[in-house]
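Next comes structure_24.txt, with compact mmCIF, C-alpha atoms and all ligand atoms.
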# COMPACT_ATOMS: atom_id res chain seq x y z
CA MET A 1 -98.30 -51.02 -39.89
CA THR A 2 -95.60 -52.60 -37.77
CA GLY A 3 -92.92 -54.86 -39.31
CA PRO A 4 -90.14 -55.86 -39.48
CA TYR A 5 -90.47 -56.10 -43.23
CA LYS A 6 -88.60 -57.43 -46.24
CA ILE A 7 -87.74 -54.29 -48.20
CA ALA A 8 -86.14 -53.99 -51.64
CA ILE A 9 -84.48 -50.68 -52.47
CA ARG A 10 -83.89 -49.67 -56.08
CA GLY A 11 -80.87 -47.42 -56.61
CA ALA A 12 -77.70 -46.97 -54.55
CA GLY A 13 -77.14 -43.21 -54.65
CA VAL A 14 -77.17 -41.17 -51.48
CA THR A 15 -80.97 -41.50 -51.20
CA GLY A 16 -81.04 -45.29 -51.54
CA LEU A 17 -78.06 -45.83 -49.24
CA TRP A 18 -79.59 -43.73 -46.46
CA GLN A 19 -82.86 -45.64 -46.84
CA ALA A 20 -80.98 -48.93 -46.62
CA LEU A 21 -78.92 -47.89 -43.60
CA THR A 22 -81.84 -46.47 -41.63
CA LEU A 23 -84.20 -49.35 -42.34
CA ALA A 24 -81.57 -52.06 -41.77
CA ARG A 25 -80.56 -50.52 -38.45
CA ARG A 26 -84.23 -50.59 -37.41
CA GLY A 27 -84.40 -54.34 -37.95
CA HIS A 28 -85.89 -54.60 -41.43
CA SER A 29 -84.46 -57.07 -43.92
CA ILE A 30 -82.93 -55.05 -46.78
CA ILE A 31 -81.74 -55.79 -50.30
CA VAL A 32 -80.45 -52.96 -52.50
CA VAL A 33 -80.30 -53.36 -56.29
CA GLU A 34 -78.19 -50.97 -58.35
CA GLN A 35 -77.99 -51.00 -62.14
CA SER A 36 -74.36 -49.86 -62.43
CA ALA A 37 -71.63 -52.50 -62.28
CA GLU A 38 -69.46 -50.29 -60.05
CA PRO A 39 -70.67 -48.09 -57.19
CA PHE A 40 -71.76 -44.53 -58.05
CA THR A 41 -70.77 -44.52 -61.74
CA ASP A 42 -74.33 -43.74 -62.99
CA ALA A 43 -75.43 -41.61 -60.04
CA CYS A 44 -75.82 -37.88 -59.51
CA SER A 45 -74.55 -38.25 -55.95
CA PRO A 46 -70.75 -38.16 -56.47
CA TRP A 47 -71.12 -34.78 -58.23
CA ALA A 48 -72.37 -32.99 -55.11
CA GLY A 49 -70.45 -30.35 -53.11
CA ALA A 50 -71.57 -31.54 -50.58
CA MET A 51 -72.74 -28.73 -48.35
CA LEU A 52 -75.17 -29.45 -45.53
CA ALA A 53 -76.52 -25.93 -45.42
CA PRO A 54 -80.20 -25.83 -44.48
CA ARG A 55 -80.10 -22.17 -43.45
CA CYS A 56 -78.30 -20.85 -46.53
CA GLU A 57 -80.49 -22.93 -48.84
CA GLU A 58 -83.55 -21.08 -47.54
CA GLU A 59 -82.46 -18.08 -49.59
CA SER A 60 -83.81 -19.89 -52.65
CA ALA A 61 -85.79 -22.85 -51.26
CA GLU A 62 -89.03 -23.17 -49.33
CA PRO A 63 -89.08 -23.23 -45.49
CA VAL A 64 -89.75 -27.00 -45.48
CA ILE A 65 -86.21 -27.55 -46.85
CA ARG A 66 -84.73 -25.76 -43.84
CA GLU A 67 -87.03 -27.62 -41.45
CA LEU A 68 -86.15 -31.05 -42.86
CA GLY A 69 -82.54 -30.06 -43.50
CA MET A 70 -81.90 -29.19 -39.84
CA ARG A 71 -82.90 -32.77 -38.98
CA GLY A 72 -80.84 -34.13 -41.88
CA LEU A 73 -77.81 -32.30 -40.53
CA GLN A 74 -78.36 -33.81 -37.06
CA LEU A 75 -78.57 -37.30 -38.52
CA TRP A 76 -75.30 -36.86 -40.44
CA GLN A 77 -73.66 -35.57 -37.25
CA ALA A 78 -74.82 -38.65 -35.37
CA THR A 79 -73.65 -41.04 -38.10
CA TYR A 80 -70.66 -39.76 -40.06
CA PRO A 81 -67.40 -39.16 -38.16
CA ASP A 82 -65.67 -37.22 -40.96
CA LEU A 83 -68.23 -34.44 -41.24
CA THR A 84 -66.63 -30.98 -41.17
CA SER A 85 -68.75 -28.87 -38.82
CA ALA A 86 -67.15 -25.48 -39.34
CA GLY A 87 -70.16 -23.44 -40.48
CA SER A 88 -70.62 -21.60 -43.79
CA LEU A 89 -69.66 -18.10 -44.90
CA VAL A 90 -71.52 -15.93 -47.38
CA LEU A 91 -69.71 -13.02 -49.05
CA ALA A 92 -70.32 -10.39 -51.70
CA PRO A 93 -67.94 -8.00 -53.43
CA ALA A 94 -68.36 -4.42 -52.07
CA ARG A 95 -70.30 -3.30 -55.17
CA ASP A 96 -72.85 -6.11 -54.66
CA ARG A 97 -73.39 -5.53 -50.93
CA THR A 98 -77.17 -5.34 -51.45
CA LEU A 99 -77.07 -9.05 -52.36
CA LEU A 100 -75.65 -9.80 -48.92
CA ASP A 101 -78.38 -7.71 -47.26
CA ARG A 102 -80.99 -9.62 -49.22
CA PHE A 103 -79.45 -12.99 -48.33
CA GLU A 104 -79.58 -11.99 -44.65
CA ARG A 105 -83.26 -11.07 -44.95
CA MET A 106 -84.16 -14.32 -46.71
CA THR A 107 -82.48 -16.64 -44.17
CA GLU A 108 -82.37 -17.24 -40.42
CA GLY A 109 -79.44 -17.78 -38.09
CA GLY A 110 -76.69 -15.90 -39.93
CA ASN A 111 -74.39 -13.60 -37.93
CA ARG A 112 -72.99 -10.52 -39.63
CA LEU A 113 -69.20 -10.49 -39.16
CA ASP A 114 -66.93 -7.44 -39.30
CA ALA A 115 -63.46 -7.60 -40.85
CA ALA A 116 -61.73 -8.63 -37.61
CA GLN A 117 -64.20 -11.48 -36.99
CA LEU A 118 -63.91 -12.62 -40.61
CA GLU A 119 -60.11 -12.56 -40.38
CA GLU A 120 -60.25 -14.86 -37.36
CA LEU A 121 -62.21 -17.45 -39.35
CA GLU A 122 -60.63 -17.16 -42.82
CA PRO A 123 -57.59 -14.84 -42.75
CA ASP A 124 -57.01 -15.09 -46.52
CA LEU A 125 -60.31 -13.32 -47.30
CA VAL A 126 -59.25 -10.04 -45.62
CA PRO A 127 -58.80 -7.27 -46.79
CA ARG A 128 -60.60 -8.11 -50.06
CA PHE A 129 -63.78 -8.70 -48.04
CA ASP A 130 -64.58 -6.73 -44.90
CA THR A 131 -67.90 -8.31 -43.92
CA ALA A 132 -69.66 -11.67 -44.27
CA LEU A 133 -72.60 -13.68 -43.00
CA PHE A 134 -71.66 -16.68 -40.87
CA TYR A 135 -73.97 -19.66 -40.34
CA SER A 136 -72.09 -21.40 -37.55
CA ASP A 137 -74.14 -24.61 -37.30
CA GLU A 138 -73.82 -25.69 -40.96
CA ALA A 139 -71.42 -28.38 -42.20
CA HIS A 140 -70.00 -30.03 -45.30
CA LEU A 141 -68.44 -33.32 -46.36
CA ASN A 142 -66.50 -34.89 -49.20
CA PRO A 143 -69.21 -36.79 -51.16
CA GLY A 144 -66.93 -39.57 -52.45
CA ALA A 145 -65.68 -40.45 -48.98
CA ALA A 146 -69.17 -40.17 -47.48
CA LEU A 147 -70.72 -42.45 -50.13
CA ASP A 148 -68.01 -45.08 -49.56
CA PHE A 149 -68.67 -44.84 -45.83
CA LEU A 150 -72.43 -45.26 -46.31
CA LEU A 151 -71.97 -48.32 -48.53
CA ASP A 152 -69.73 -49.97 -45.90
CA GLU A 153 -72.18 -49.11 -43.11
CA VAL A 154 -75.13 -50.47 -45.09
CA ARG A 155 -73.34 -53.79 -45.50
CA SER A 156 -72.27 -53.83 -41.84
CA ALA A 157 -75.91 -53.28 -40.86
CA GLY A 158 -76.76 -56.56 -42.59
CA ALA A 159 -78.19 -55.28 -45.87
CA VAL A 160 -77.36 -57.06 -49.14
CA VAL A 161 -76.22 -54.77 -51.98
CA GLN A 162 -76.27 -56.13 -55.54
CA PHE A 163 -74.63 -54.22 -58.40
CA ASP A 164 -75.13 -54.66 -62.13
CA THR A 165 -78.82 -55.50 -61.86
CA SER A 166 -82.08 -53.67 -62.41
CA GLU A 167 -84.24 -56.61 -61.43
CA THR A 168 -86.33 -56.05 -58.32
CA PRO A 169 -86.25 -59.14 -56.11
CA GLU A 170 -89.53 -60.97 -55.67
CA GLY A 171 -91.24 -61.43 -52.32
CA ALA A 172 -90.53 -58.01 -50.82
CA ASP A 173 -93.22 -56.51 -48.58
CA PHE A 174 -92.25 -53.03 -49.81
CA ILE A 175 -90.22 -51.64 -52.68
CA VAL A 176 -88.53 -48.28 -52.09
CA ASP A 177 -87.66 -46.69 -55.43
CA CYS A 178 -84.64 -44.36 -55.14
CA ARG A 179 -83.57 -44.47 -58.78
CA GLY A 180 -83.18 -40.71 -59.15
CA LEU A 181 -83.62 -39.76 -62.81
CA GLY A 182 -83.85 -43.48 -63.64
CA ALA A 183 -87.44 -43.32 -62.30
CA GLN A 184 -88.58 -41.02 -65.13
CA ASP A 185 -90.23 -44.11 -66.68
CA MET A 186 -92.77 -44.05 -63.80
CA LEU A 187 -92.61 -40.41 -62.68
CA PRO A 188 -93.42 -38.34 -65.78
CA THR A 189 -92.95 -34.92 -64.13
CA LEU A 190 -89.45 -35.71 -62.83
CA ARG A 191 -86.79 -33.67 -64.67
CA GLY A 192 -83.03 -33.25 -64.61
CA VAL A 193 -81.22 -30.02 -63.67
CA ARG A 194 -77.62 -30.00 -64.80
CA GLY A 195 -74.97 -28.84 -62.36
CA GLU A 196 -71.41 -28.19 -63.56
CA ARG A 197 -68.49 -28.12 -61.19
CA ILE A 198 -64.70 -27.88 -61.16
CA VAL A 199 -62.34 -29.54 -58.69
CA VAL A 200 -59.01 -27.83 -58.10
CA ARG A 201 -56.07 -28.21 -55.75
CA SER A 202 -53.65 -25.73 -54.28
CA PRO A 203 -51.02 -25.93 -51.56
CA ASP A 204 -51.44 -22.15 -51.01
CA ILE A 205 -55.16 -21.92 -50.22
CA ALA A 206 -56.42 -23.05 -46.85
CA PHE A 207 -60.13 -22.29 -46.45
CA GLU A 208 -61.74 -24.48 -43.79
CA ARG A 209 -65.42 -23.94 -44.39
CA SER A 210 -67.74 -23.73 -47.36
CA ILE A 211 -67.99 -20.23 -48.81
CA ARG A 212 -70.67 -18.73 -51.05
CA LEU A 213 -69.81 -15.75 -53.19
CA LEU A 214 -72.92 -13.80 -54.21
CA HIS A 215 -72.86 -12.28 -57.67
CA PRO A 216 -75.70 -11.04 -59.93
CA ARG A 217 -74.61 -13.20 -62.89
CA PHE A 218 -72.40 -16.02 -61.65
CA PRO A 219 -72.75 -16.94 -57.98
CA LEU A 220 -70.14 -19.41 -56.80
CA TYR A 221 -69.68 -21.72 -53.90
CA LEU A 222 -66.54 -23.42 -52.74
CA VAL A 223 -66.35 -26.55 -50.61
CA PRO A 224 -63.02 -27.64 -49.06
CA TRP A 225 -62.50 -31.38 -49.61
CA GLY A 226 -59.33 -31.77 -47.54
CA GLU A 227 -55.83 -32.74 -48.62
CA ASP A 228 -54.98 -34.97 -51.54
CA GLU A 229 -52.04 -37.41 -51.66
CA THR A 230 -49.59 -34.56 -52.48
CA GLY A 231 -50.60 -32.63 -49.36
CA ALA A 232 -52.34 -29.91 -51.41
CA ASN A 233 -55.86 -28.82 -50.44
CA ARG A 234 -58.70 -29.73 -52.79
CA PHE A 235 -61.73 -27.53 -53.44
CA MET A 236 -64.95 -28.10 -55.29
CA LEU A 237 -66.09 -24.98 -57.16
CA GLY A 238 -69.71 -25.02 -58.18
CA ALA A 239 -72.21 -25.07 -59.45
CA THR A 240 -74.37 -24.10 -62.38
CA SER A 241 -78.12 -24.86 -62.52
CA ILE A 242 -79.17 -25.43 -66.10
CA GLU A 243 -82.48 -26.90 -67.33
CA ARG A 244 -80.79 -29.71 -69.26
CA GLU A 245 -80.65 -33.44 -68.62
CA ASP A 246 -77.26 -34.36 -70.05
CA GLY A 247 -74.17 -34.79 -67.93
CA GLY A 248 -71.80 -34.10 -70.83
CA PRO A 249 -68.65 -31.95 -70.77
CA VAL A 250 -68.60 -28.52 -69.10
CA THR A 251 -69.14 -25.57 -71.44
CA LEU A 252 -66.46 -22.94 -71.87
CA ARG A 253 -68.84 -20.26 -70.57
CA SER A 254 -69.55 -22.18 -67.36
CA ALA A 255 -65.85 -22.89 -66.82
CA LEU A 256 -64.96 -19.22 -67.36
CA GLU A 257 -67.67 -18.05 -64.98
CA LEU A 258 -66.81 -20.51 -62.21
CA LEU A 259 -63.08 -19.90 -62.49
CA SER A 260 -63.34 -16.12 -62.64
CA ALA A 261 -65.61 -16.11 -59.58
CA ALA A 262 -63.03 -18.25 -57.76
CA TYR A 263 -60.36 -15.75 -58.75
CA VAL A 264 -62.47 -12.90 -57.30
CA LEU A 265 -62.75 -14.88 -54.06
CA ASP A 266 -58.98 -15.35 -53.84
CA PRO A 267 -56.45 -14.50 -56.59
CA ALA A 268 -54.36 -17.45 -55.31
CA PHE A 269 -56.79 -19.63 -57.31
CA GLY A 270 -54.87 -18.35 -60.36
CA GLU A 271 -52.10 -20.81 -59.46
CA ALA A 272 -54.41 -23.70 -58.49
CA GLU A 273 -54.36 -26.88 -60.60
CA ILE A 274 -57.57 -28.13 -62.21
CA LEU A 275 -58.20 -31.77 -61.31
CA SER A 276 -61.54 -32.26 -63.06
CA LEU A 277 -64.39 -30.49 -64.82
CA GLY A 278 -67.72 -32.26 -65.07
CA ALA A 279 -71.46 -32.16 -64.69
CA GLY A 280 -74.04 -34.12 -62.72
CA VAL A 281 -77.80 -34.05 -63.26
CA ARG A 282 -80.02 -33.44 -60.24
CA PRO A 283 -83.41 -35.20 -60.09
CA ALA A 284 -86.15 -32.61 -59.47
CA PHE A 285 -89.93 -32.25 -59.56
CA PRO A 286 -91.44 -29.10 -61.11
CA ASP A 287 -91.58 -27.29 -57.73
CA ASN A 288 -88.08 -28.47 -56.72
CA ARG A 289 -89.49 -30.08 -53.57
CA PRO A 290 -88.71 -33.66 -52.54
CA ARG A 291 -91.49 -36.23 -52.51
CA ILE A 292 -92.31 -39.56 -50.91
CA ILE A 293 -95.03 -41.11 -53.06
CA THR A 294 -96.74 -44.20 -51.66
CA SER A 295 -98.91 -46.64 -53.52
CA SER A 296 -99.79 -50.11 -52.21
CA GLY A 297 -96.37 -51.42 -51.26
CA TYR A 298 -94.39 -49.24 -53.67
CA ILE A 299 -92.71 -46.09 -52.31
CA PHE A 300 -90.85 -43.50 -54.40
CA VAL A 301 -88.30 -41.27 -52.69
CA ASN A 302 -87.18 -38.76 -55.27
CA GLY A 303 -86.79 -35.15 -56.39
CA LEU A 304 -84.10 -34.26 -53.86
CA TYR A 305 -82.80 -31.68 -56.37
CA ARG A 306 -79.89 -29.69 -54.92
CA HIS A 307 -80.44 -31.04 -51.40
CA GLY A 308 -79.86 -34.78 -51.76
CA PHE A 309 -77.09 -35.05 -49.18
CA LEU A 310 -78.86 -32.70 -46.80
CA LEU A 311 -82.23 -34.45 -47.02
CA ALA A 312 -81.46 -38.15 -47.67
CA PRO A 313 -81.19 -39.05 -43.93
CA VAL A 314 -84.44 -37.36 -42.99
CA MET A 315 -86.27 -38.84 -45.99
CA ALA A 316 -85.15 -42.25 -44.71
CA GLU A 317 -86.32 -41.47 -41.20
CA MET A 318 -89.73 -40.42 -42.55
CA VAL A 319 -90.09 -43.64 -44.58
CA ALA A 320 -89.19 -45.69 -41.51
CA HIS A 321 -91.80 -43.86 -39.38
CA TYR A 322 -94.35 -44.34 -42.11
CA LEU A 323 -93.69 -48.10 -42.37
CA GLU A 324 -93.75 -48.56 -38.61
CA THR A 325 -96.60 -46.23 -37.61
CA GLY A 326 -98.36 -44.99 -40.75
CA VAL A 327 -97.45 -41.38 -39.83
CA THR A 328 -96.72 -39.06 -42.76
CA HIS A 329 -95.34 -35.53 -43.16
CA PRO A 330 -98.05 -33.54 -44.99
CA GLU A 331 -95.62 -31.47 -47.07
CA VAL A 332 -93.61 -34.44 -48.34
CA PHE A 333 -95.90 -37.47 -48.66
CA ILE A 334 -98.25 -37.98 -51.57
CA ALA A 335 -100.61 -40.93 -51.36
CA ASP A 336 -102.46 -40.31 -54.61
CA PHE A 337 -100.49 -42.06 -57.32
CA GLY A 338 -102.22 -39.89 -59.91
CA GLN A 339 -100.31 -36.84 -58.59
CA ARG A 340 -96.94 -38.17 -59.60
C1 LIG B 401 -72.99 -30.12 -59.09
C2 LIG B 401 -73.90 -30.60 -57.98
C3 LIG B 401 -73.72 -30.10 -56.70
C4 LIG B 401 -74.54 -30.55 -55.66
N1 LIG B 401 -74.30 -30.09 -54.40
C5 LIG B 401 -75.07 -30.52 -53.36
C6 LIG B 401 -74.82 -30.06 -52.05
O1 LIG B 401 -73.90 -29.26 -51.82
N2 LIG B 401 -75.62 -30.53 -51.03
C7 LIG B 401 -76.63 -31.42 -51.26
O2 LIG B 401 -77.31 -31.80 -50.30
N3 LIG B 401 -76.90 -31.87 -52.51
C8 LIG B 401 -76.14 -31.43 -53.56
N4 LIG B 401 -76.41 -31.87 -54.84
C9 LIG B 401 -77.60 -32.68 -55.08
C10 LIG B 401 -77.39 -34.16 -54.82
O3 LIG B 401 -76.19 -34.58 -55.42
C11 LIG B 401 -78.59 -34.94 -55.39
O4 LIG B 401 -79.79 -34.45 -54.86
C12 LIG B 401 -78.48 -36.42 -55.00
O5 LIG B 401 -77.25 -36.93 -55.42
C13 LIG B 401 -79.60 -37.26 -55.58
O6 LIG B 401 -79.34 -38.57 -55.12
P1 LIG B 401 -80.23 -39.82 -55.52
O7 LIG B 401 -79.69 -40.96 -54.73
O8 LIG B 401 -81.67 -39.48 -55.36
O9 LIG B 401 -79.96 -40.03 -57.07
P2 LIG B 401 -78.65 -40.67 -57.75
O10 LIG B 401 -77.42 -40.27 -57.02
O11 LIG B 401 -78.72 -40.35 -59.20
O12 LIG B 401 -78.83 -42.24 -57.51
C14 LIG B 401 -79.78 -43.00 -58.23
C15 LIG B 401 -79.20 -44.38 -58.44
O13 LIG B 401 -80.21 -45.21 -59.00
C16 LIG B 401 -79.58 -46.05 -59.96
N5 LIG B 401 -80.58 -46.57 -60.89
C17 LIG B 401 -81.19 -45.92 -61.91
N6 LIG B 401 -82.04 -46.74 -62.56
C18 LIG B 401 -81.96 -47.95 -61.92
C19 LIG B 401 -82.62 -49.20 -62.11
N7 LIG B 401 -83.53 -49.41 -63.09
N8 LIG B 401 -82.31 -50.21 -61.26
C20 LIG B 401 -81.40 -50.06 -60.26
N9 LIG B 401 -80.74 -48.88 -60.06
C21 LIG B 401 -81.03 -47.84 -60.87
C22 LIG B 401 -78.55 -45.15 -60.61
O14 LIG B 401 -77.55 -45.91 -61.28
C23 LIG B 401 -78.02 -44.39 -59.39
O15 LIG B 401 -76.93 -45.07 -58.81
C24 LIG B 401 -75.59 -31.48 -55.91
C25 LIG B 401 -75.75 -31.98 -57.20
C26 LIG B 401 -74.92 -31.56 -58.23
C27 LIG B 401 -75.09 -32.13 -59.61
Would you give me this structure, written as structure tokens?
Ligand SMILES: Cc1cc2nc3c(=O)[nH]c(=O)nc-3n(C[C@H](O)[C@H](O)[C@H](O)COP(=O)(O)OP(=O)(O)OC[C@H]3O[C@@H](n4cnc5c(N)ncnc54)[C@H](O)[C@@H]3O)c2cc1C
Amino acid sequence: MTGPYKIAIRGAGVTGLWQALTLARRGHSIIVVEQSAEPFTDACSPWAGAMLAPRCEEESAEPVIRELGMRGLQLWQATYPDLTSAGSLVLAPARDRTLLDRFERMTEGGNRLDAAQLEELEPDLVPRFDTALFYSDEAHLNPGAALDFLLDEVRSAGAVVQFDTSETPEGADFIVDCRGLGAQDMLPTLRGVRGERIVVRSPDIAFERSIRLLHPRFPLYLVPWGEDETGANRFMLGATSIEREDGGPVTLRSALELLSAAYVLDPAFGEAEILSLGAGVRPAFPDNRPRIITSSGYIFVNGLYRHGFLLAPVMAEMVAHYLETGVTHPEVFIADFGQR
């Protein structure tokens, strides 16, 4: 395998755009087809946090997610100028301190902070919290801004992006299918996992880094999305994980749980204004691991579950290596089409 090739990419979510950018920058001729008339209106991607947290994710994901995620984080750092590289904090109320101990055991690279160290990073958390885990090399971004950036970069790299079409162009050497849940017609084991989130704004809250609050019933994470046009800070509060495939309105229970957890984190959230409540549906395989499935010129990249932003760049790098050298990652590639 060598190239350069003519490559058609189906789907312009974060997975498809990273494929397009990586392959176009490596000299391949790229056309992206997206079914929605406007960018990102039918995608899961704009619903993300979006934390780039390979170390924290290892608490509930397999080691391969951390391994690939560390590379994904590097690729974002090399590509996206507006990444916030301020690390992540993990907290637990005093009565749930054992959850923090467990989180520390299940992950690598977290430093245990005392109250003075925590106060230096996020003064508003003290004295309600007197210890935390800090993962200094993690990052986050605003997904809307990052997706707009990727789309611009894809076009600048020479790729053609067509909206409002599901038709795959003829004559491509390879088709890379990044349709997310839209690929359920060909990937029968792919399922959707609903994630509800709330976006709020407050001029009085000034967290700089993503924060996870551990709780036995309703864990919460918060991602700072920067200032809005009024000068208030915006925060994404998320997210539920429910085995349902509809992206309909947020339930009252989920809203209550997310908002009360935010209030535990900082009572100043009581005065925050709610900007939106909504749900996205994450594409996932039964084991929640991402897959690259190859079959005579057709390549699926799918199942990025709750790690789409983290893993999309490294999935693209792996596809590029595969097309250029035939090399595959044994834990991600599946060559047998029957194992879809
Ligand atoms: C609440 C929530 C929070 C999340 N937080 C994080 C996080 O903090 N960090 C992280 O890394 N990930 C996070 N994720 C996960 C991440 O958002 C997903 O893994 C990722 O968006 C999946 O992207 P995708 O491009 O594979 O799919 P999608 O974004 O769904 O894109 C697929 C695209 O294919 C198009 N399409 C479908 N059918 C066709 C067709 N026939 N022809 C052409 N186009 C088609 C669709 O219109 C869509 O635009 C979160 C997800 C949710 C819901």
Environment of ligand LIG 401 (chain B) within 6 Å, counting only C-alpha atoms and all ligand atoms, reported as a PyMOL selection string: chain A and resi 10-16+33-36+40+42-45+47-52+166+178-180+182+195-197+239+280-282+302+304-310
Output the selection as a PDB file, in the frame of the given file - C-alpha atoms for each residue.
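Below is the file part-v8.pdb, written as the result:
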ATOM      1  CA  ARG A  10     -83.890 -49.670 -56.080  1.00  0.00           C
ATOM      2  CA  GLY A  11     -80.870 -47.420 -56.610  1.00  0.00           C
ATOM      3  CA  ALA A  12     -77.700 -46.970 -54.550  1.00  0.00           C
ATOM      4  CA  GLY A  13     -77.140 -43.210 -54.650  1.00  0.00           C
ATOM      5  CA  VAL A  14     -77.170 -41.170 -51.480  1.00  0.00           C
ATOM      6  CA  THR A  15     -80.970 -41.500 -51.200  1.00  0.00           C
ATOM      7  CA  GLY A  16     -81.040 -45.290 -51.540  1.00  0.00           C
ATOM      8  CA  VAL A  33     -80.300 -53.360 -56.290  1.00  0.00           C
ATOM      9  CA  GLU A  34     -78.190 -50.970 -58.350  1.00  0.00           C
ATOM     10  CA  GLN A  35     -77.990 -51.000 -62.140  1.00  0.00           C
ATOM     11  CA  SER A  36     -74.360 -49.860 -62.430  1.00  0.00           C
ATOM     12  CA  PHE A  40     -71.760 -44.530 -58.050  1.00  0.00           C
ATOM     13  CA  ASP A  42     -74.330 -43.740 -62.990  1.00  0.00           C
ATOM     14  CA  ALA A  43     -75.430 -41.610 -60.040  1.00  0.00           C
ATOM     15  CA  CYS A  44     -75.820 -37.880 -59.510  1.00  0.00           C
ATOM     16  CA  SER A  45     -74.550 -38.250 -55.950  1.00  0.00           C
ATOM     17  CA  TRP A  47     -71.120 -34.780 -58.230  1.00  0.00           C
ATOM     18  CA  ALA A  48     -72.370 -32.990 -55.110  1.00  0.00           C
ATOM     19  CA  GLY A  49     -70.450 -30.350 -53.110  1.00  0.00           C
ATOM     20  CA  ALA A  50     -71.570 -31.540 -50.580  1.00  0.00           C
ATOM     21  CA  MET A  51     -72.740 -28.730 -48.350  1.00  0.00           C
ATOM     22  CA  LEU A  52     -75.170 -29.450 -45.530  1.00  0.00           C
ATOM     23  CA  SER A 166     -82.080 -53.670 -62.410  1.00  0.00           C
ATOM     24  CA  CYS A 178     -84.640 -44.360 -55.140  1.00  0.00           C
ATOM     25  CA  ARG A 179     -83.570 -44.470 -58.780  1.00  0.00           C
ATOM     26  CA  GLY A 180     -83.180 -40.710 -59.150  1.00  0.00           C
ATOM     27  CA  GLY A 182     -83.850 -43.480 -63.640  1.00  0.00           C
ATOM     28  CA  GLY A 195     -74.970 -28.840 -62.360  1.00  0.00           C
ATOM     29  CA  GLU A 196     -71.410 -28.190 -63.560  1.00  0.00           C
ATOM     30  CA  ARG A 197     -68.490 -28.120 -61.190  1.00  0.00           C
ATOM     31  CA  ALA A 239     -72.210 -25.070 -59.450  1.00  0.00           C
ATOM     32  CA  GLY A 280     -74.040 -34.120 -62.720  1.00  0.00           C
ATOM     33  CA  VAL A 281     -77.800 -34.050 -63.260  1.00  0.00           C
ATOM     34  CA  ARG A 282     -80.020 -33.440 -60.240  1.00  0.00           C
ATOM     35  CA  ASN A 302     -87.180 -38.760 -55.270  1.00  0.00           C
ATOM     36  CA  LEU A 304     -84.100 -34.260 -53.860  1.00  0.00           C
ATOM     37  CA  TYR A 305     -82.800 -31.680 -56.370  1.00  0.00           C
ATOM     38  CA  ARG A 306     -79.890 -29.690 -54.920  1.00  0.00           C
ATOM     39  CA  HIS A 307     -80.440 -31.040 -51.400  1.00  0.00           C
ATOM     40  CA  GLY A 308     -79.860 -34.780 -51.760  1.00  0.00           C
ATOM     41  CA  PHE A 309     -77.090 -35.050 -49.180  1.00  0.00           C
ATOM     42  CA  LEU A 310     -78.860 -32.700 -46.800  1.00  0.00           C
TER      43      LEU A 310
END
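Across the model, the gap from CA of Leu213 (chain A) to CA of Gly231 (chain A) is 25.9 Å.
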Give me the residues within 12 Å of Asp82 (chain A) as a short mmCIF file (atom, residue, chain, number, x, y, z; two decimals) with C-alpha atoms, in the coordinates of the input, counting only C-alpha atoms and dropping any in the same chain fewer than 2 places off.
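Final output, saved to result.cif:
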data_model
loop_
_atom_site.label_atom_id
_atom_site.label_comp_id
_atom_site.auth_asym_id
_atom_site.auth_seq_id
_atom_site.Cartn_x
_atom_site.Cartn_y
_atom_site.Cartn_z
CA TRP A 76 -75.30 -36.86 -40.44
CA GLN A 77 -73.66 -35.57 -37.25
CA ALA A 78 -74.82 -38.65 -35.37
CA THR A 79 -73.65 -41.04 -38.10
CA TYR A 80 -70.66 -39.76 -40.06
CA THR A 84 -66.63 -30.98 -41.17
CA SER A 85 -68.75 -28.87 -38.82
CA ALA A 86 -67.15 -25.48 -39.34
CA ALA A 139 -71.42 -28.38 -42.20
CA HIS A 140 -70.00 -30.03 -45.30
CA LEU A 141 -68.44 -33.32 -46.36
CA ASN A 142 -66.50 -34.89 -49.20
CA PRO A 143 -69.21 -36.79 -51.16
CA GLY A 144 -66.93 -39.57 -52.45
CA ALA A 145 -65.68 -40.45 -48.98
CA ALA A 146 -69.17 -40.17 -47.48
CA LEU A 147 -70.72 -42.45 -50.13
CA ASP A 148 -68.01 -45.08 -49.56
CA PHE A 149 -68.67 -44.84 -45.83
CA LEU A 150 -72.43 -45.26 -46.31
CA TRP A 225 -62.50 -31.38 -49.61
CA GLY A 226 -59.33 -31.77 -47.54
#
Considering only C-alpha atoms, tabulate each residue of region 154-220 of chain A that lies at most 9 Å from region 262-277 of chain A along with its nearest interatomic pair and the corresponding distance in Å to one decimal; arrange the rows by chain and ascending residue number and present them as CSV.
residue,atom,partner,partner_atom,distance
A:Glu196,CA,A:Leu277,CA,7.5
A:Arg197,CA,A:Leu277,CA,6.0
A:Ile198,CA,A:Leu277,CA,4.5
A:Val199,CA,A:Ser276,CA,5.2
A:Val200,CA,A:Ile274,CA,4.4
A:Arg201,CA,A:Glu273,CA,5.3
A:Ser202,CA,A:Ala272,CA,4.7
A:Pro203,CA,A:Ala272,CA,8.0
A:Asp204,CA,A:Ala268,CA,7.0
A:Ile205,CA,A:Ala268,CA,6.8
A:Leu213,CA,A:Leu265,CA,7.2
A:Leu220,CA,A:Ala262,CA,7.3
In Å to one decimal, how far is CA of Asn111 (chain A) from CA of Asp96 (chain A)?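 Computing it gives 18.4 Å between the two atoms.
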Contact table region 25-93 of chain A vs region 97-107 of chain A, cut-off 8 Å, shortest pair per residue, all atoms listed in the file, as JSON lines:
{"residue": "A:Arg55", "atom": "CA", "partner": "A:Thr107", "partner_atom": "CA", "distance": 6.1}
{"residue": "A:Cys56", "atom": "CA", "partner": "A:Thr107", "partner_atom": "CA", "distance": 6.4}
{"residue": "A:Glu58", "atom": "CA", "partner": "A:Thr107", "partner_atom": "CA", "distance": 5.7}
{"residue": "A:Glu59", "atom": "CA", "partner": "A:Met106", "partner_atom": "CA", "distance": 5.0}
{"residue": "A:Val90", "atom": "CA", "partner": "A:Leu100", "partner_atom": "CA", "distance": 7.6}
{"residue": "A:Leu91", "atom": "CA", "partner": "A:Leu100", "partner_atom": "CA", "distance": 6.8}
{"residue": "A:Ala92", "atom": "CA", "partner": "A:Arg97", "partner_atom": "CA", "distance": 5.8}
{"residue": "A:Pro93", "atom": "CA", "partner": "A:Arg97", "partner_atom": "CA", "distance": 6.5}
